$ cat my_file.cif   # mmCIF, C-alpha atoms
data_model
#
loop_
_atom_site.label_atom_id
_atom_site.label_comp_id
_atom_site.auth_asym_id
_atom_site.auth_seq_id
_atom_site.Cartn_x
_atom_site.Cartn_y
_atom_site.Cartn_z
CA MET A 12 -15.57 -15.05 -20.77
CA ARG A 13 -12.87 -15.06 -18.25
CA PHE A 14 -14.69 -15.72 -14.99
CA ARG A 15 -16.62 -18.83 -15.91
CA ASP A 16 -15.85 -22.10 -14.24
CA HIS A 17 -13.73 -20.75 -11.46
CA ARG A 18 -11.51 -23.29 -9.90
CA VAL A 19 -11.21 -23.57 -6.19
CA VAL A 20 -7.51 -23.01 -5.80
CA GLY A 21 -7.20 -23.83 -2.16
CA ASP A 22 -7.55 -22.54 1.32
CA ILE A 23 -6.98 -18.81 1.51
CA MET A 24 -4.56 -19.03 4.43
CA THR A 25 -2.47 -21.72 2.77
CA LEU A 26 -2.23 -19.63 -0.38
CA ALA A 27 -1.41 -16.43 1.52
CA GLN A 28 1.46 -18.11 3.32
CA ARG A 29 2.69 -19.83 0.19
CA TYR A 30 2.90 -16.57 -1.76
CA ARG A 31 4.48 -14.75 1.19
CA ASP A 32 7.19 -17.41 1.33
CA GLU A 33 7.67 -17.45 -2.44
CA GLY A 34 8.42 -13.71 -2.47
CA ALA A 35 5.24 -12.06 -3.78
CA ASP A 36 5.42 -8.30 -3.24
CA GLU A 37 1.74 -7.77 -2.67
CA LEU A 38 -1.39 -9.91 -2.61
CA VAL A 39 -4.83 -8.94 -3.87
CA PHE A 40 -7.80 -10.92 -2.64
CA TYR A 41 -10.69 -10.71 -5.08
CA ASP A 42 -14.17 -11.76 -4.19
CA ILE A 43 -15.34 -11.34 -7.74
CA THR A 44 -18.82 -12.65 -7.14
CA ALA A 45 -19.54 -10.15 -4.35
CA SER A 46 -20.80 -7.27 -6.46
CA PRO A 47 -23.06 -9.18 -8.87
CA GLN A 48 -24.67 -10.99 -5.94
CA GLY A 49 -25.19 -7.76 -4.03
CA ARG A 50 -23.26 -8.85 -0.96
CA SER A 51 -20.04 -7.78 0.68
CA VAL A 52 -16.90 -9.78 1.21
CA ASP A 53 -16.97 -12.14 4.16
CA ARG A 54 -14.33 -10.43 6.27
CA SER A 55 -13.59 -12.97 8.96
CA TRP A 56 -10.53 -14.12 7.03
CA VAL A 57 -9.01 -10.64 6.60
CA ARG A 58 -7.83 -10.52 10.19
CA ARG A 59 -6.34 -14.00 10.05
CA VAL A 60 -4.53 -13.17 6.82
CA ALA A 61 -3.21 -9.92 8.34
CA GLN A 62 -1.77 -11.86 11.25
CA VAL A 63 0.45 -14.01 9.06
CA LEU A 64 1.25 -11.69 6.14
CA ASP A 65 4.19 -9.32 6.43
CA ILE A 66 3.68 -7.88 2.95
CA PRO A 67 0.93 -5.49 1.83
CA PHE A 68 -2.41 -6.87 0.76
CA CYS A 69 -5.51 -5.45 -0.82
CA VAL A 70 -9.11 -6.60 -0.55
CA ALA A 71 -11.44 -6.25 -3.51
CA GLY A 72 -15.07 -7.12 -3.96
CA GLY A 73 -18.35 -5.66 -2.81
CA ILE A 74 -16.95 -2.62 -1.00
CA ARG A 75 -19.75 -0.09 -1.38
CA SER A 76 -19.30 2.29 1.53
CA VAL A 77 -16.81 3.93 3.86
CA ALA A 78 -18.01 1.53 6.56
CA ASP A 79 -17.31 -1.51 4.36
CA ALA A 80 -13.79 -0.23 3.71
CA GLU A 81 -13.17 0.69 7.32
CA ALA A 82 -13.97 -2.82 8.51
CA VAL A 83 -11.50 -4.31 6.04
CA LEU A 84 -8.75 -1.79 6.82
CA ASN A 85 -9.24 -2.12 10.56
CA ALA A 86 -8.90 -5.87 10.21
CA GLY A 87 -5.41 -5.30 8.83
CA ALA A 88 -5.67 -4.90 5.05
CA GLU A 89 -3.50 -2.20 3.46
CA LYS A 90 -5.83 -1.15 0.69
CA VAL A 91 -9.31 -1.66 -0.65
CA SER A 92 -10.09 -1.94 -4.33
CA VAL A 93 -13.39 -0.74 -5.78
CA ASN A 94 -14.70 -1.45 -9.25
CA SER A 95 -18.41 -1.93 -9.98
CA PRO A 96 -19.60 0.13 -6.96
CA ALA A 97 -17.38 3.03 -8.08
CA LEU A 98 -18.90 2.93 -11.56
CA ALA A 99 -22.36 3.05 -9.99
CA ASP A 100 -21.42 5.80 -7.52
CA PRO A 101 -18.17 7.59 -8.41
CA GLY A 102 -18.49 9.69 -5.23
CA LEU A 103 -17.47 6.57 -3.32
CA ILE A 104 -13.90 7.15 -4.48
CA ASP A 105 -13.91 10.72 -3.07
CA ALA A 106 -15.38 9.54 0.21
CA LEU A 107 -12.87 6.72 0.64
CA SER A 108 -9.92 8.93 -0.28
CA ARG A 109 -10.98 11.69 2.12
CA ARG A 110 -11.43 9.27 4.97
CA PHE A 111 -8.44 6.95 4.52
CA GLY A 112 -6.08 8.75 2.14
CA ALA A 113 -5.44 8.03 -1.52
CA GLN A 114 -2.86 5.37 -0.67
CA CYS A 115 -5.64 3.08 0.59
CA VAL A 116 -7.87 3.47 -2.44
CA VAL A 117 -7.36 1.28 -5.49
CA VAL A 118 -9.71 1.54 -8.43
CA GLY A 119 -10.02 -1.59 -10.54
CA ILE A 120 -11.12 -1.16 -14.13
CA ASP A 121 -12.32 -4.00 -16.35
CA SER A 122 -11.72 -2.75 -19.85
CA GLU A 123 -12.39 -4.03 -23.33
CA LEU A 124 -11.82 -2.60 -26.78
CA THR A 125 -15.09 -1.98 -28.63
CA ALA A 126 -16.03 -0.10 -31.79
CA GLU A 127 -16.25 3.00 -29.56
CA GLY A 128 -12.80 2.54 -28.08
CA TYR A 129 -11.84 1.16 -24.66
CA ARG A 130 -14.94 0.81 -22.50
CA ALA A 131 -15.28 -0.01 -18.79
CA TYR A 132 -17.40 -3.01 -17.80
CA GLN A 133 -19.37 -3.70 -14.63
CA PHE A 134 -20.17 -6.91 -12.77
CA THR A 135 -17.60 -8.95 -14.66
CA GLY A 136 -17.63 -11.59 -11.94
CA ASP A 137 -20.91 -12.93 -13.31
CA PRO A 138 -21.08 -13.44 -17.08
CA THR A 139 -24.89 -13.24 -17.03
CA ARG A 140 -24.83 -9.76 -15.45
CA THR A 141 -21.70 -8.28 -17.03
CA ARG A 142 -22.51 -5.05 -18.81
CA GLU A 143 -20.80 -2.15 -20.45
CA SER A 144 -20.89 0.74 -18.01
CA GLY A 145 -21.24 3.51 -20.56
CA ARG A 146 -17.85 4.93 -19.63
CA ASP A 147 -14.83 5.49 -21.78
CA VAL A 148 -11.82 3.97 -20.02
CA LEU A 149 -9.35 6.80 -20.62
CA GLN A 150 -11.89 9.35 -19.39
CA TRP A 151 -12.67 7.16 -16.37
CA VAL A 152 -8.95 6.83 -15.58
CA ARG A 153 -8.65 10.64 -15.53
CA GLU A 154 -11.76 11.00 -13.40
CA VAL A 155 -10.84 8.46 -10.72
CA GLN A 156 -7.47 10.19 -10.24
CA GLU A 157 -9.20 13.53 -9.75
CA ARG A 158 -11.51 11.88 -7.25
CA GLY A 159 -8.60 10.57 -5.20
CA ALA A 160 -7.68 7.09 -6.38
CA GLY A 161 -4.16 6.16 -5.29
CA GLU A 162 -3.66 3.27 -7.68
CA ILE A 163 -5.30 1.89 -10.78
CA VAL A 164 -5.47 -1.79 -11.68
CA LEU A 165 -6.30 -2.09 -15.36
CA ASN A 166 -7.70 -5.49 -16.18
CA CYS A 167 -7.74 -5.93 -19.93
CA MET A 168 -10.65 -8.30 -20.47
CA GLY A 169 -9.71 -9.26 -24.00
CA SER A 170 -6.43 -10.76 -22.87
CA ASP A 171 -7.56 -12.03 -19.49
CA GLY A 172 -7.55 -15.75 -18.93
CA VAL A 173 -5.93 -16.60 -22.24
CA ARG A 174 -2.29 -16.27 -21.13
CA SER A 175 -1.14 -14.70 -24.38
CA GLY A 176 0.35 -11.61 -22.78
CA TYR A 177 -0.76 -8.33 -21.27
CA ASP A 178 -2.47 -5.87 -23.63
CA ILE A 179 0.56 -3.62 -24.08
CA GLU A 180 -1.13 -1.18 -26.44
CA GLN A 181 -3.99 -0.58 -24.05
CA LEU A 182 -1.70 -0.30 -21.03
CA ARG A 183 0.39 2.28 -22.87
CA ALA A 184 -2.70 4.32 -23.68
CA VAL A 185 -3.71 4.32 -20.02
CA ARG A 186 -0.17 4.96 -18.81
CA ALA A 187 -0.10 8.15 -20.85
CA VAL A 188 -2.94 9.61 -18.76
CA CYS A 189 -2.12 7.95 -15.42
CA ARG A 190 -0.04 9.73 -12.75
CA VAL A 191 -0.79 7.29 -9.96
CA PRO A 192 0.71 3.78 -9.84
CA LEU A 193 -0.63 1.61 -12.66
CA VAL A 194 -0.93 -2.14 -12.29
CA ALA A 195 -1.22 -4.40 -15.34
CA SER A 196 -3.73 -7.23 -15.10
CA GLY A 197 -4.99 -9.86 -17.50
CA GLY A 198 -3.07 -12.03 -19.87
CA ALA A 199 0.11 -13.13 -18.10
CA GLY A 200 1.15 -16.52 -19.41
CA ALA A 201 4.93 -16.41 -19.59
CA ILE A 202 7.81 -14.57 -18.01
CA GLU A 203 8.40 -12.41 -21.10
CA HIS A 204 4.88 -11.02 -20.74
CA PHE A 205 5.85 -9.44 -17.42
CA THR A 206 9.06 -8.06 -18.91
CA ALA A 207 7.07 -6.50 -21.76
CA ALA A 208 4.55 -4.88 -19.42
CA PHE A 209 7.31 -3.15 -17.45
CA ARG A 210 9.52 -2.27 -20.42
CA GLU A 211 7.03 -1.43 -23.13
CA ALA A 212 4.06 -0.15 -21.15
CA GLY A 213 5.90 1.37 -18.19
CA VAL A 214 3.57 -0.10 -15.58
CA ASP A 215 4.51 0.06 -11.90
CA ALA A 216 3.44 -3.48 -11.11
CA ALA A 217 2.07 -6.55 -12.82
CA LEU A 218 -0.66 -8.71 -11.39
CA ALA A 219 -1.32 -12.33 -12.24
CA ALA A 220 -3.30 -15.18 -10.78
CA SER A 221 -3.64 -18.41 -12.70
CA VAL A 222 0.01 -18.73 -13.73
CA PHE A 223 0.99 -18.58 -10.08
CA HIS A 224 -1.88 -20.70 -8.75
CA ASN A 225 -1.15 -23.41 -11.31
CA GLY A 226 2.59 -23.30 -10.83
CA ILE A 227 3.21 -22.35 -14.48
CA ILE A 228 5.50 -19.53 -13.34
CA ALA A 229 7.52 -19.65 -10.13
CA ILE A 230 7.76 -16.24 -8.49
CA ALA A 231 11.45 -16.60 -7.65
CA GLU A 232 12.27 -17.53 -11.24
CA LEU A 233 10.18 -14.63 -12.55
CA LYS A 234 11.98 -12.17 -10.32
CA ARG A 235 15.39 -13.47 -11.35
CA ALA A 236 14.43 -13.03 -15.00
CA LEU A 237 13.16 -9.48 -14.39
CA ARG A 238 16.37 -8.54 -12.65
CA THR A 239 18.43 -10.04 -15.46
CA ALA A 240 16.38 -7.87 -17.83
CA GLY A 241 17.36 -4.81 -15.81
CA ILE A 242 13.99 -4.31 -14.10
CA GLU A 243 14.51 -3.63 -10.43
CA VAL A 244 12.45 -5.89 -8.18
CA ARG A 245 12.80 -7.07 -4.64
CA PRO A 246 14.65 -10.43 -4.68
CA MET B 26 6.95 1.46 32.63
CA THR B 27 4.67 -0.83 30.72
CA GLY B 28 5.52 -2.19 27.30
CA THR B 29 4.97 -0.67 23.90
CA VAL B 30 2.08 1.67 23.21
CA ILE B 31 0.84 2.49 19.69
CA ILE B 32 -0.69 5.96 19.66
CA ASP B 33 -4.23 6.01 18.33
CA SER B 34 -4.06 9.02 16.04
CA GLY B 35 -7.31 8.20 14.31
CA GLY B 36 -6.18 6.33 11.22
CA ALA B 37 -7.53 2.94 10.40
CA ASN B 38 -5.27 -0.08 10.22
CA LEU B 39 -3.51 -0.20 13.55
CA ALA B 40 -4.13 -3.95 13.55
CA SER B 41 -1.38 -4.67 11.03
CA LEU B 42 1.13 -2.93 13.27
CA GLN B 43 -0.05 -4.83 16.34
CA PHE B 44 0.21 -8.10 14.41
CA ALA B 45 3.78 -7.24 13.37
CA PHE B 46 4.79 -6.84 17.03
CA GLU B 47 2.99 -10.09 17.85
CA ARG B 48 5.01 -11.90 15.19
CA LEU B 49 8.10 -10.72 17.09
CA GLY B 50 6.70 -12.16 20.32
CA ALA B 51 5.96 -8.69 21.70
CA THR B 52 2.67 -7.05 22.46
CA ALA B 53 1.67 -3.47 21.78
CA ARG B 54 -1.38 -1.72 23.13
CA VAL B 55 -3.28 1.01 21.28
CA SER B 56 -3.98 4.12 23.31
CA ALA B 57 -4.60 7.85 23.07
CA ASP B 58 -4.27 8.33 26.82
CA ALA B 59 -1.50 10.78 27.76
CA HIS B 60 -0.71 9.06 31.06
CA GLU B 61 -0.50 5.63 29.51
CA ILE B 62 1.73 6.97 26.73
CA ALA B 63 3.99 8.86 29.12
CA ALA B 64 4.43 5.69 31.19
CA ALA B 65 5.12 3.39 28.23
CA GLU B 66 8.50 1.79 27.73
CA ARG B 67 8.32 2.51 24.01
CA VAL B 68 5.96 4.60 21.94
CA VAL B 69 4.97 4.13 18.31
CA LEU B 70 3.39 7.00 16.38
CA PRO B 71 1.71 5.49 13.32
CA GLY B 72 -0.35 7.47 10.91
CA VAL B 73 -2.53 6.72 7.99
CA GLY B 74 -4.60 9.63 6.85
CA SER B 75 -3.75 13.30 6.65
CA ALA B 76 -1.25 15.34 8.64
CA SER B 77 -3.85 17.95 9.60
CA GLU B 78 -6.30 15.37 10.91
CA ALA B 79 -3.60 13.50 12.83
CA MET B 80 -2.25 16.70 14.44
CA ARG B 81 -5.77 17.82 15.31
CA ARG B 82 -6.30 14.54 17.12
CA LEU B 83 -2.93 14.68 18.88
CA ARG B 84 -3.68 18.22 20.09
CA ALA B 85 -7.17 17.29 21.24
CA ALA B 86 -5.74 14.43 23.32
CA GLY B 87 -3.01 16.63 24.80
CA LEU B 88 -0.36 14.59 23.00
CA ALA B 89 1.13 17.32 20.80
CA ARG B 90 2.73 18.87 23.88
CA LEU B 91 3.58 15.57 25.54
CA LEU B 92 5.35 13.84 22.63
CA PRO B 93 8.35 16.21 22.30
CA THR B 94 9.05 15.75 26.02
CA LEU B 95 9.22 11.95 25.94
CA THR B 96 12.55 10.36 26.81
CA GLN B 97 11.76 6.72 26.00
CA PRO B 98 12.30 5.40 22.43
CA VAL B 99 9.67 6.78 20.03
CA LEU B 100 9.14 5.46 16.50
CA GLY B 101 7.17 7.46 13.94
CA ILE B 102 5.97 5.41 10.99
CA CYS B 103 5.09 6.91 7.58
CA LEU B 104 2.87 9.92 8.39
CA GLY B 105 4.03 9.43 11.99
CA MET B 106 7.60 10.12 10.87
CA GLN B 107 6.50 13.23 8.95
CA LEU B 108 4.75 14.58 12.06
CA LEU B 109 8.14 14.66 13.83
CA PHE B 110 9.16 17.57 11.55
CA GLU B 111 8.26 21.25 11.94
CA HIS B 112 5.67 21.63 9.25
CA SER B 113 3.85 19.64 6.58
CA ALA B 114 2.57 21.00 3.28
CA GLU B 115 -0.31 18.55 3.68
CA GLY B 116 -3.02 20.93 4.83
CA GLU B 117 -0.27 23.45 5.77
CA THR B 118 -0.01 21.83 9.18
CA GLU B 119 2.22 22.77 12.09
CA CYS B 120 3.72 19.52 13.34
CA LEU B 121 5.67 18.39 16.43
CA ALA B 122 8.95 20.18 15.54
CA ILE B 123 11.10 17.48 17.11
CA LEU B 124 13.17 17.47 13.90
CA PRO B 125 14.00 20.53 11.80
CA GLY B 126 12.58 20.67 8.30
CA VAL B 127 9.45 20.84 6.24
CA VAL B 128 7.53 17.95 4.68
CA ARG B 129 6.68 18.59 1.02
CA ARG B 130 4.31 17.03 -1.49
CA LEU B 131 5.85 14.75 -4.12
CA GLU B 132 5.08 16.18 -7.54
CA PRO B 133 3.58 13.50 -9.78
CA SER B 134 4.50 12.82 -13.38
CA VAL B 135 4.10 9.86 -15.71
CA ALA B 136 7.71 8.99 -14.93
CA ARG B 137 7.14 9.39 -11.21
CA PRO B 138 3.64 8.35 -10.17
CA VAL B 139 2.38 9.60 -6.81
CA PRO B 140 1.66 8.10 -4.30
CA HIS B 141 5.09 6.51 -4.22
CA MET B 142 3.97 2.94 -3.73
CA GLY B 143 6.27 -0.02 -3.80
CA TRP B 144 9.43 -1.74 -2.67
CA ASN B 145 12.67 0.23 -2.60
CA ARG B 146 16.17 -0.09 -1.29
CA LEU B 147 17.71 2.50 0.95
CA THR B 148 20.60 4.14 -0.87
CA THR B 149 23.03 4.30 2.06
CA LEU B 150 22.71 3.32 5.67
CA GLN B 151 24.44 5.09 8.51
CA SER B 152 25.64 2.90 11.31
CA ASP B 153 22.92 2.96 13.98
CA PRO B 154 21.34 0.37 16.28
CA LEU B 155 17.98 1.02 14.55
CA LEU B 156 19.49 -0.28 11.29
CA ALA B 157 21.54 -3.12 12.78
CA GLY B 158 21.70 -6.19 10.57
CA LEU B 159 20.42 -4.41 7.46
CA ASP B 160 22.36 -3.68 4.32
CA PRO B 161 21.82 -1.64 1.14
CA GLN B 162 20.24 -4.70 -0.48
CA SER B 163 17.34 -4.68 1.97
CA TYR B 164 14.00 -3.68 0.43
CA PHE B 165 11.21 -1.82 2.24
CA TYR B 166 7.60 -1.10 1.33
CA PHE B 167 6.77 2.58 0.82
CA VAL B 168 3.38 4.25 0.41
CA HIS B 169 3.35 8.04 0.60
CA SER B 170 2.49 11.25 -1.26
CA TYR B 171 4.45 13.61 1.01
CA ALA B 172 8.09 13.32 1.97
CA ALA B 173 10.72 14.73 4.31
CA PRO B 174 13.93 16.18 2.87
CA LEU B 175 17.38 14.94 3.73
CA GLY B 176 18.92 16.51 6.81
CA ALA B 177 21.44 16.12 9.58
CA PHE B 178 19.17 13.54 11.21
CA THR B 179 18.74 11.32 8.14
CA LEU B 180 20.07 7.82 8.80
CA ALA B 181 19.12 6.47 5.37
CA PRO B 182 17.71 8.06 2.21
CA VAL B 183 15.51 6.49 -0.44
CA GLU B 184 15.66 7.46 -4.11
CA TYR B 185 12.35 8.22 -5.79
CA GLY B 186 13.04 10.75 -8.48
CA GLU B 187 15.04 12.58 -5.80
CA ARG B 188 16.59 11.62 -2.49
CA LEU B 189 14.20 11.64 0.44
CA SER B 190 14.51 10.78 4.12
CA ALA B 191 13.60 7.13 4.64
CA VAL B 192 14.98 6.73 8.18
CA VAL B 193 15.61 9.54 10.66
CA ARG B 194 16.78 9.63 14.23
CA ARG B 195 17.46 12.29 16.82
CA GLY B 196 18.27 10.77 20.18
CA ASN B 197 15.29 8.75 21.36
CA PHE B 198 13.12 9.91 18.42
CA CYS B 199 13.20 7.59 15.40
CA GLY B 200 11.19 7.71 12.22
CA VAL B 201 10.75 5.52 9.15
CA GLN B 202 8.94 6.58 5.99
CA PHE B 203 8.34 2.96 4.92
CA HIS B 204 5.95 0.54 6.57
CA PRO B 205 8.06 -1.90 8.61
CA GLU B 206 4.96 -3.95 9.41
CA ARG B 207 4.56 -4.66 5.68
CA SER B 208 8.24 -4.89 4.71
CA ALA B 209 8.76 -8.62 5.23
CA ALA B 210 11.96 -9.69 7.02
CA SER B 211 13.78 -6.36 6.67
CA GLY B 212 10.85 -4.49 8.24
CA ALA B 213 10.64 -7.01 11.06
CA ARG B 214 14.33 -6.41 11.70
CA VAL B 215 13.76 -2.66 12.09
CA LEU B 216 10.93 -3.27 14.55
CA ALA B 217 13.05 -5.77 16.48
CA ASN B 218 15.89 -3.23 16.57
CA PHE B 219 13.48 -0.61 17.89
CA LEU B 220 12.39 -2.99 20.64
CA SER B 221 16.05 -3.37 21.62
CA LEU B 222 16.79 0.37 21.86
#
$ encode --input "my_file.cif" --output "C-alpha cells"
Amino acid sequence: MRFRDHRVVGDIMTLAQRYRDEGADELVFYDITASPQGRSVDRSWVRRVAQVLDIPFCVAGGIRSVADAEAVLNAGAEKVSVNSPALADPGLIDALSRRFGAQCVVVGIDSELTAEGYRAYQFTGDPTRTRESGRDVLQWVREVQERGAGEIVLNCMGSDGVRSGYDIEQLRAVRAVCRVPLVASGGAGAIEHFTAAFREAGVDAALAASVFHNGIIAIAELKRALRTAGIEVRP
Amino acid sequence: MTGTVIIDSGGANLASLQFAFERLGATARVSADAHEIAAAERVVLPGVGSASEAMRRLRAAGLARLLPTLTQPVLGICLGMQLLFEHSAEGETECLAILPGVVRRLEPSVARPVPHMGWNRLTTLQSDPLLAGLDPQSYFYFVHSYAAPLGAFTLAPVEYGERLSAVVRRGNFCGVQFHPERSAASGARVLANFLSL
C-alpha cells in the first residue's frame, strides 16, 4: 500500500519555499493521517506558509465542516480538498461550495480498479483502516460536480507510489465525465509520464510528490520538456 | 489619506491579499467602514464568493453608492473586477455600473472545464502604468466561473475558449480577473504598479 512508511521529507516551510523558487504552479499540503485518526489538520502552519507563498496552495486532510474550511481559507489557503469526509457526508461539498464558491472546493478521490469497476476508497492514509466506500468512481465524479466541486484530484491507487506512470486509461474514463478541472495523481516517475497525462488523458494538471521530494525530477527540467512537447506551462 | 484599504465584502481569504502587500513592504487594512474607505489612499475590492452576496454586503454597508464616487485608485480583483460592471449573470445581480457591460457565466465542456483554473498569459497588453514592466510572456493565476467581455476599457484579454477581459481600467478604477496575490512575480508587479498609481 502506498502510504506505509512515510518518510519525513523536511520542514514544511523549507519545502514550500523550495518549490516556490523551483517554479511549482500550485502546492497541495496533505495531512493524510488526519481523517483516519479523527482529527483536523494542525493549522498554525497555514498562515506562515501563506505569508511566504505567492502561488496558490490547497490544504487537504480532516476538513469535515464549513468551520474547518473557513479557518484554513482565512489563514490564507486558496482551496480546501475533501476526500473521506465527503464520502461520509456528501452534503459537505454542497455546504462548502455555497459558502465559499466552487473554486475553493477540491474533491480528492482515491480510486482503484476492482472486479466491479473503479471504486472510491476511504481513509487511505492508514492501511489498517482503508476501506472501499461502496461508491462507483464515475458516478461519484458526476455527483460531486453536481454538488459544487470546483476541481477533482483523481488519485489512482494502483499506480500510486510505484512511479510507473499515471493510470491513463482511468484518467481518460474520468475525463469523459468531468467538466471541472481534473488533476492527475499517482504514479509519476518520469517526465514522459507527465507528458502522457496531458496528451493522452487531457488532464488540466498533474500532481506528484515523491519524484520532486527526492529530486528524481527537477521542476524546471520537467517544464522545459513539457513546453518542448507543445504543452503550454508557465516557465 | 491613510494607506491602502481592502474592502471586507464577506469572502474568506483576505489574508493572502494582505500578505501579498506585506511582501511588497506595504500594509493594507481590511475594513467595511465607509468613512475609512473614503479616506483611504488606495482601495482594493477583492471578492471570493458570489456576486449577489458581495453586492448585498456592499449595499448593506453603504458602499455600493460610495464606490462609484471614489477618486483614488481602486483595484477590483477577480469577483471584485466583475462587480465594477453593470450586471452579473451570477444570481442576476445589479452591480456597481462603473464599467459598461454584463458579466456572463462560462459554459463548461470537456474541452473547456469550468471554473477556469490555472496559469495563463495575457494575449496582448495595452500600454498602461498598471501593466508596466510586464510582457505577453507573463503568466497569471486565474480562478473564475464568470467572466467579463472585451470592451473599450479592456487593457489586456485572456484566451480561454474565447477572449475575455483579464485587465480593465477606466480612470482611477482598475480591475484584474486573475489573482495577483497568487501570481508569483508577475502578480507582485501588478500590485506594485497599483501602489504607484
$ closest_atom_pairs --input "my_file.cif" --of "chain A" --to "chain B" --cutoff "6 Å" --atoms "all atoms listed in the file" --output "Markdown table"
| residue | atom | partner | partner_atom | distance |
| --- | --- | --- | --- | --- |
| A:Gln62 | CA | B:Phe44 | CA | 5.3 |
| A:Asp65 | CA | B:Arg207 | CA | 4.7 |
| A:Ile66 | CA | B:Arg207 | CA | 4.3 |
| A:Pro67 | CA | B:Arg207 | CA | 5.4 |
| A:Leu84 | CA | B:Asn38 | CA | 5.2 |
| A:Asn85 | CA | B:Asn38 | CA | 4.5 |
| A:Gly87 | CA | B:Ser41 | CA | 4.6 |
| A:Phe111 | CA | B:Gly74 | CA | 5.2 |
| A:Gly112 | CA | B:Gly74 | CA | 5.0 |
| A:Arg190 | CA | B:Pro138 | CA | 4.7 |
| A:Val191 | CA | B:Pro138 | CA | 4.6 |
| A:Pro192 | CA | B:Pro138 | CA | 5.4 |
$ residues_around --input "my_file.cif" --residues "A:Cys69" --least-positions-apart "3" --cutoff "6 Å" --atoms "all atoms listed in the file" --output "ChimeraX atom specification"
/A:39,88-91
$ resolve_selection --input "my_file.cif" --expression "the PyMOL selection byres ((chain A and resi 94) around 8)" --output "list in words"
Gly72, Ser92, Val93, Ser95, Pro96, Ala97, Leu98, Val118, Gly119, Ile120, Asp121 and Gln133 of chain A
$ resolve_selection --input "my_file.cif" --expression "the PyMOL selection byres ((chain A and resi 132) around 12)" --output "PyMOL selection string"
chain A and resi 94-99+119-125+129-131+133-138+140-148+151+165-169
$ atom_distance --input "my_file.cif" --atom1 "atom CA of B:Arg188" --atom2 "atom CA of B:Gly176"
10.8 Å
$ residues_around --input "my_file.cif" --residues "stretch 193-205 of chain A" --least-positions-apart "2" --cutoff "9 Å" --atoms "only C-alpha atoms" --output "count of residues only"
46
$ closest_residue --input "my_file.cif" --among "A:Val60, A:Ser55, A:Arg238, A:Ala82" --to "A:Gln28" --atoms "only C-alpha atoms"
A:Val60
$ closest_residue --input "my_file.cif" --among "A:Gln150, A:Gln114, A:Gly73, A:Phe68" --to "A:Tyr30" --atoms "only C-alpha atoms"
A:Phe68
$ resolve_selection --input "my_file.cif" --expression "the PyMOL selection byres ((chain B and resi 215) around 8)" --output "mmCIF file with C-alpha atoms, keeping the file's coordinate frame"
data_model
loop_
_atom_site.group_PDB
_atom_site.id
_atom_site.type_symbol
_atom_site.label_atom_id
_atom_site.label_comp_id
_atom_site.auth_asym_id
_atom_site.auth_seq_id
_atom_site.Cartn_x
_atom_site.Cartn_y
_atom_site.Cartn_z
ATOM 1 C CA LEU B 155 17.980 1.020 14.550
ATOM 2 C CA LEU B 156 19.490 -0.280 11.290
ATOM 3 C CA ALA B 157 21.540 -3.120 12.780
ATOM 4 C CA PRO B 205 8.060 -1.900 8.610
ATOM 5 C CA SER B 211 13.780 -6.360 6.670
ATOM 6 C CA GLY B 212 10.850 -4.490 8.240
ATOM 7 C CA ALA B 213 10.640 -7.010 11.060
ATOM 8 C CA ARG B 214 14.330 -6.410 11.700
ATOM 9 C CA LEU B 216 10.930 -3.270 14.550
ATOM 10 C CA ALA B 217 13.050 -5.770 16.480
ATOM 11 C CA ASN B 218 15.890 -3.230 16.570
ATOM 12 C CA PHE B 219 13.480 -0.610 17.890
#
$ residues_around --input "my_file.cif" --residues "stretch 24-27 of chain A" --least-positions-apart "5" --cutoff "9 Å" --atoms "all atoms listed in the file" --output "compact mmCIF listing (two decimals) with C-alpha atoms, in the frame of the given file"
# COMPACT_ATOMS: atom_id res chain seq x y z
CA ASP A 32 7.19 -17.41 1.33
CA LEU A 38 -1.39 -9.91 -2.61
CA TRP A 56 -10.53 -14.12 7.03
CA ARG A 59 -6.34 -14.00 10.05
CA VAL A 60 -4.53 -13.17 6.82
CA VAL A 63 0.45 -14.01 9.06
CA LEU A 64 1.25 -11.69 6.14
CA HIS A 224 -1.88 -20.70 -8.75
$ atom_distance --input "my_file.cif" --atom1 "atom CA of B:Leu147" --atom2 "atom CA of B:Asn197"
21.5 Å
$ atom_distance --input "my_file.cif" --atom1 "atom CA of B:Leu150" --atom2 "atom CA of B:Val128"
21.1 Å
$ residues_around --input "my_file.cif" --residues "B:Ala59" --least-positions-apart "6" --cutoff "8 Å" --atoms "all atoms listed in the file" --output "list in words"
Ala86, Gly87, Leu88 and Leu91 of chain B
$ closest_residue --input "my_file.cif" --among "B:Phe110, B:Phe178, B:Tyr171, B:Phe46" --to "B:Val193" --atoms "only C-alpha atoms"
B:Phe178
$ residues_near_point --input "my_file.cif" --point "(-2.2, 14.3, 10.0)" --cutoff "12 Å" --atoms "only C-alpha atoms" --output "ChimeraX atom specification"
/A:110-112 /B:33-36,70-84,89,103-110,112-121,128,171
$ closest_residue --input "my_file.cif" --among "B:Leu220, B:Leu175, B:Leu124, B:Leu131" --to "B:Thr52" --atoms "all atoms listed in the file"
B:Leu220
$ build_atoms --input "my_file.cif" --residues "stretch 102-107 of chain B" --atoms "N, CA and C atoms" --output "compact mmCIF listing (two decimals), keeping the file's coordinate frame"
# COMPACT_ATOMS: atom_id res chain seq x y z
N ILE B 102 6.04 6.22 12.20
CA ILE B 102 5.97 5.41 10.99
C ILE B 102 5.16 6.14 9.92
N CYS B 103 5.75 6.29 8.74
CA CYS B 103 5.09 6.91 7.58
C CYS B 103 4.64 8.32 7.94
N LEU B 104 3.33 8.60 7.96
CA LEU B 104 2.87 9.92 8.39
C LEU B 104 3.40 10.25 9.78
N GLY B 105 3.51 9.22 10.63
CA GLY B 105 4.03 9.43 11.99
C GLY B 105 5.45 9.98 11.98
N MET B 106 6.26 9.56 11.01
CA MET B 106 7.60 10.12 10.87
C MET B 106 7.50 11.58 10.42
N GLN B 107 6.62 11.86 9.48
CA GLN B 107 6.50 13.23 8.95
C GLN B 107 6.06 14.20 10.05
